[in-house]
Amino acid sequence: MTQHSRPRPGPSYAVEAVDLVKTYGSGPAEVRALDGLSVRFPTGSFTAVMGPSGAGKSTLLQCSAGLDTPTAGRALIGGVDLAALRDDELTRVRRERIGFVFQQYNLLPELTAEENIVLPVQLAGRRPRRGALGELAERLGLSGRLGHRPAQLSGGQQQRVALGRALLTEPEVIFADEPTGNLDTRASGEILELLRASVRELGRTIVMVTHDPVAASYADGVVLVADGRLVDALAKPDAVTVAESLRLLGQRR
Ligand SMILES: Nc1ncnc2c1ncn2[C@@H]1O[C@H](COP(=O)(O)OP(=O)(O)OP(=O)(O)O)[C@@H](O)[C@H]1O
């Protein structure tokens, strides 16, 4: 066998959801939020998850991140099956290998920006790498704001603090649920550029739920979810194509 004909190693996946089912309630009140959904997110990619309201996007994120338990199917982070972990192991994976950014920022109001950013590292019993906090603050444009409390910061600055908190642990994956949902166009653009740079320059993998086709156009790809299933995927999306795909999806239902 020549060197050229050797099989290449396949792409690695930071997140894999395999036949995920999630039901809430039972009997006639049962809601099937995920209905056998399978999707894989390659390491070092930025993917937007889109679809109509109630399609199961947030449930997919919650189950993939080990914040919720699927009724059936498997969720893997870096090839590790979350269902196979003990509670303490799952907590460690969530703390060290996954970062979260939410629409509402979820910062602790009594802590400064710096204290919010370093909290997950401290909870993991570690210290940030030397110089890491300063580098990160500079990257996020927060150098002069680290002593401020959330109430003293704009929405965009608060979301940058939340992103700093997610990045400082140097996680493999960042799950972002509507990270620009509360921001104006300019602040949204800044956050989306920072998310994209986190993938390009820091090698992170980002899975972002969004309703906004412009936000999705910052991603490498879009996956479309409807009725708890994966229904389409778009590579290198532009906002017009994404909006049209969403419109067609709405018509189909
Ligand atoms: N804790 C819960 N208890 C009962 N039903 C739930 C729960 N969480 C979600 N659901 C239901 O599961 C379905 C999927 O919800 P999910 O929040 O994942 O959708 P989504 O695509 O993120 O919607 P949206 O875009 O409106 O945020 C919906 O019908 C929702 O009402």
# chains A, B, ... in the order shown; residues from 1 in each chain; ligands from 1
>>> residues_around(residues="His211 in chain A", least_positions_apart="2", cutoff="8 Å", atoms="only C-alpha atoms", output="list in words")
Met50, Gly51, Glu178, Val209 and Pro213 of chain A
>>> residues_around(residues="Glu170 in chain A", least_positions_apart="2", cutoff="9 Å", atoms="only C-alpha atoms", output="list in words")
Glu96, Arg97, Ile98, Gly99, Ala166, Leu167, Leu168, Glu172, Val173, Leu202 and Arg204 of chain A
>>> residues_near_ligand(ligand="ligand 1", cutoff="12 Å", atoms="only C-alpha atoms and all ligand atoms", output="short mmCIF file (atom, residue, chain, number, x, y, z; two decimals) with C-alpha atoms, in the first residue's frame")
data_model
loop_
_atom_site.label_atom_id
_atom_site.label_comp_id
_atom_site.auth_asym_id
_atom_site.auth_seq_id
_atom_site.Cartn_x
_atom_site.Cartn_y
_atom_site.Cartn_z
CA VAL A 21 -35.69 11.03 21.82
CA LYS A 22 -37.00 13.32 24.53
CA THR A 23 -40.57 13.21 25.75
CA TYR A 24 -42.14 15.39 28.40
CA GLY A 25 -45.25 14.34 30.30
CA SER A 26 -47.17 11.13 29.62
CA ALA A 29 -50.33 15.13 27.49
CA GLU A 30 -47.08 13.66 26.17
CA VAL A 31 -44.90 16.04 24.14
CA ARG A 32 -42.24 14.50 21.91
CA ALA A 33 -39.67 17.32 21.86
CA LEU A 34 -37.02 15.17 20.11
CA ASP A 35 -38.16 12.37 17.83
CA VAL A 49 -29.31 25.28 14.83
CA MET A 50 -32.52 26.75 13.43
CA GLY A 51 -36.17 25.85 13.04
CA PRO A 52 -39.68 26.91 14.05
CA SER A 53 -40.64 27.67 17.63
CA GLY A 54 -41.15 24.44 19.59
CA ALA A 55 -39.09 22.41 17.07
CA GLY A 56 -36.82 21.02 19.80
CA LYS A 57 -33.72 23.20 19.37
CA SER A 58 -33.19 24.05 23.04
CA THR A 59 -33.99 20.47 24.04
CA LEU A 60 -31.31 19.27 21.61
CA LEU A 61 -28.80 21.61 23.22
CA GLN A 62 -29.79 20.60 26.76
CA CYS A 63 -29.55 16.88 26.02
CA SER A 64 -26.30 17.21 24.03
CA LEU A 67 -28.03 19.41 31.23
CA ASP A 68 -31.01 17.15 30.56
CA THR A 69 -31.29 13.38 30.08
CA PRO A 70 -32.74 12.02 26.83
CA PHE A 102 -27.45 32.00 27.20
CA GLN A 103 -29.74 34.74 25.91
CA ALA A 176 -24.96 29.11 22.80
CA ASP A 177 -28.76 29.41 23.08
CA GLU A 178 -29.95 32.62 21.35
CA GLY A 181 -31.54 37.44 21.24
CA MET A 208 -25.59 28.06 18.45
CA VAL A 209 -29.38 28.10 18.48
CA THR A 210 -30.72 31.19 16.75
CA HIS A 211 -33.85 32.49 15.05
CA ASP A 212 -31.91 35.14 13.16
CA LEU A 224 -32.64 22.81 10.42
CA VAL A 225 -34.83 21.11 13.01
CA ALA A 226 -38.61 20.64 12.79
CA ASP A 227 -40.91 18.50 14.94
CA GLY A 228 -37.96 17.05 16.86
CA ARG A 229 -36.12 15.84 13.76
CA LEU A 230 -33.25 17.04 11.61
#
>>> atom_distance(atom1="CA of Asp184 in chain A", atom2="CA of Ala132 in chain A")
28.8 Å
>>> select_by_dssp(residues="range 60-202 of chain A", states="helix (DSSP H, G or I)", output="VMD selection string")
chain A and resid 60 to 64 82 to 84 87 to 96 113 to 123 132 to 139 143 to 145 150 to 152 155 to 168 185 to 200
>>> closest_residue(among="A:Leu76, A:Gly66, A:Val161, A:Leu119", to="Val39 in chain A", atoms="only C-alpha atoms")
A:Leu76
>>> closest_residue(among="A:Val207, A:Leu90, A:Ala215, A:Leu249", to="Gly44 in chain A", atoms="only C-alpha atoms")
A:Val207
>>> select_by_dssp(residues="range 33-150 of chain A", states="strand (DSSP E or B)", output="number ranges by chain")
A: 33-42, 46-50, 72-77, 80-81, 98-102
>>> write_last_selection(atoms="C-alpha atoms", output="PDB file, in the first residue's frame")
ATOM      1  CA  ALA A  33     -39.665  17.317  21.861  1.00  0.00           C
ATOM      2  CA  LEU A  34     -37.020  15.166  20.112  1.00  0.00           C
ATOM      3  CA  ASP A  35     -38.159  12.369  17.831  1.00  0.00           C
ATOM      4  CA  GLY A  36     -35.105  10.258  16.957  1.00  0.00           C
ATOM      5  CA  LEU A  37     -32.802  13.156  16.051  1.00  0.00           C
ATOM      6  CA  SER A  38     -29.228  12.395  14.947  1.00  0.00           C
ATOM      7  CA  VAL A  39     -26.639  15.082  14.194  1.00  0.00           C
ATOM      8  CA  ARG A  40     -22.853  15.454  14.459  1.00  0.00           C
ATOM      9  CA  PHE A  41     -20.869  18.660  14.929  1.00  0.00           C
ATOM     10  CA  PRO A  42     -17.268  18.441  13.642  1.00  0.00           C
ATOM     11  CA  PHE A  46     -19.383  26.802  14.075  1.00  0.00           C
ATOM     12  CA  THR A  47     -22.939  25.556  13.451  1.00  0.00           C
ATOM     13  CA  ALA A  48     -26.271  27.332  13.795  1.00  0.00           C
ATOM     14  CA  VAL A  49     -29.309  25.282  14.834  1.00  0.00           C
ATOM     15  CA  MET A  50     -32.520  26.752  13.434  1.00  0.00           C
ATOM     16  CA  ALA A  72     -33.710   7.365  24.499  1.00  0.00           C
ATOM     17  CA  GLY A  73     -30.615   7.676  22.311  1.00  0.00           C
ATOM     18  CA  ARG A  74     -27.143   8.887  23.141  1.00  0.00           C
ATOM     19  CA  ALA A  75     -25.242  12.165  23.390  1.00  0.00           C
ATOM     20  CA  LEU A  76     -21.448  12.174  23.109  1.00  0.00           C
ATOM     21  CA  ILE A  77     -18.950  14.943  23.842  1.00  0.00           C
ATOM     22  CA  VAL A  80     -17.569  10.238  25.499  1.00  0.00           C
ATOM     23  CA  ASP A  81     -21.094   8.893  25.988  1.00  0.00           C
ATOM     24  CA  ILE A  98     -18.307  22.497  27.804  1.00  0.00           C
ATOM     25  CA  GLY A  99     -19.042  26.223  27.959  1.00  0.00           C
ATOM     26  CA  PHE A 100     -22.496  27.808  27.894  1.00  0.00           C
ATOM     27  CA  VAL A 101     -23.775  31.164  26.689  1.00  0.00           C
ATOM     28  CA  PHE A 102     -27.453  31.996  27.200  1.00  0.00           C
TER      29      PHE A 102
END
>>> atom_distance(atom1="CA of Leu136 in chain A", atom2="CA of Gln152 in chain A")
19.8 Å
>>> atom_distance(atom1="CA of Gly250 in chain A", atom2="CA of Leu183 in chain A")
25.3 Å
>>> closest_residue(among="A:Pro109, A:Glu190, A:Arg200, A:Asn116", to="Ala151 in chain A", atoms="only C-alpha atoms")
A:Pro109
>>> closest_atom_pairs(of="range 149-249 of chain A", to="range 104-107 of chain A", cutoff="8 Å", atoms="only C-alpha atoms", output="JSON lines")
{"residue": "A:Pro150", "atom": "CA", "partner": "A:Leu107", "partner_atom": "CA", "distance": 7.0}
{"residue": "A:Gln158", "atom": "CA", "partner": "A:Tyr105", "partner_atom": "CA", "distance": 6.5}
{"residue": "A:Gln159", "atom": "CA", "partner": "A:Tyr105", "partner_atom": "CA", "distance": 5.5}
{"residue": "A:Ala162", "atom": "CA", "partner": "A:Tyr105", "partner_atom": "CA", "distance": 5.8}
{"residue": "A:Pro179", "atom": "CA", "partner": "A:Tyr105", "partner_atom": "CA", "distance": 7.9}
{"residue": "A:Asn182", "atom": "CA", "partner": "A:Gln104", "partner_atom": "CA", "distance": 7.4}
>>> closest_residue(among="A:Leu194, A:Ala219, A:Val231, A:Val214", to="Ala243 in chain A", atoms="only C-alpha atoms")
A:Val214
>>> closest_residue(among="A:Pro171, A:Gln157, A:Arg149, A:Asp238", to="Arg92 in chain A", atoms="only C-alpha atoms")
A:Pro171
>>> residues_around(residues="Pro237 in chain A", least_positions_apart="3", cutoff="7 Å", atoms="only C-alpha atoms", output="list in words")
Ser217, Gly221, Val222, Leu234, Thr241 and Val242 of chain A
>>> write_last_selection(atoms="N, CA and C atoms", output="compact mmCIF listing (two decimals), in the first residue's frame")
# COMPACT_ATOMS: atom_id res chain seq x y z
N SER A 217 -25.68 33.36 9.44
CA SER A 217 -24.74 33.52 8.32
C SER A 217 -23.30 33.65 8.80
N GLY A 221 -22.10 26.40 9.02
CA GLY A 221 -23.21 25.60 8.51
C GLY A 221 -24.44 25.80 9.37
N VAL A 222 -25.60 25.45 8.81
CA VAL A 222 -26.86 25.53 9.54
C VAL A 222 -27.50 24.15 9.51
N LEU A 234 -27.44 23.20 5.72
CA LEU A 234 -26.92 24.13 4.71
C LEU A 234 -25.46 24.43 5.03
N THR A 241 -30.45 32.88 1.88
CA THR A 241 -30.71 31.44 1.70
C THR A 241 -31.32 30.84 2.97
N VAL A 242 -30.78 31.25 4.12
CA VAL A 242 -31.30 30.72 5.39
C VAL A 242 -32.76 31.14 5.58
>>> closest_residue(among="A:Val18, A:Leu82, A:Glu193, A:Thr169", to="Arg129 in chain A", atoms="only C-alpha atoms")
A:Thr169
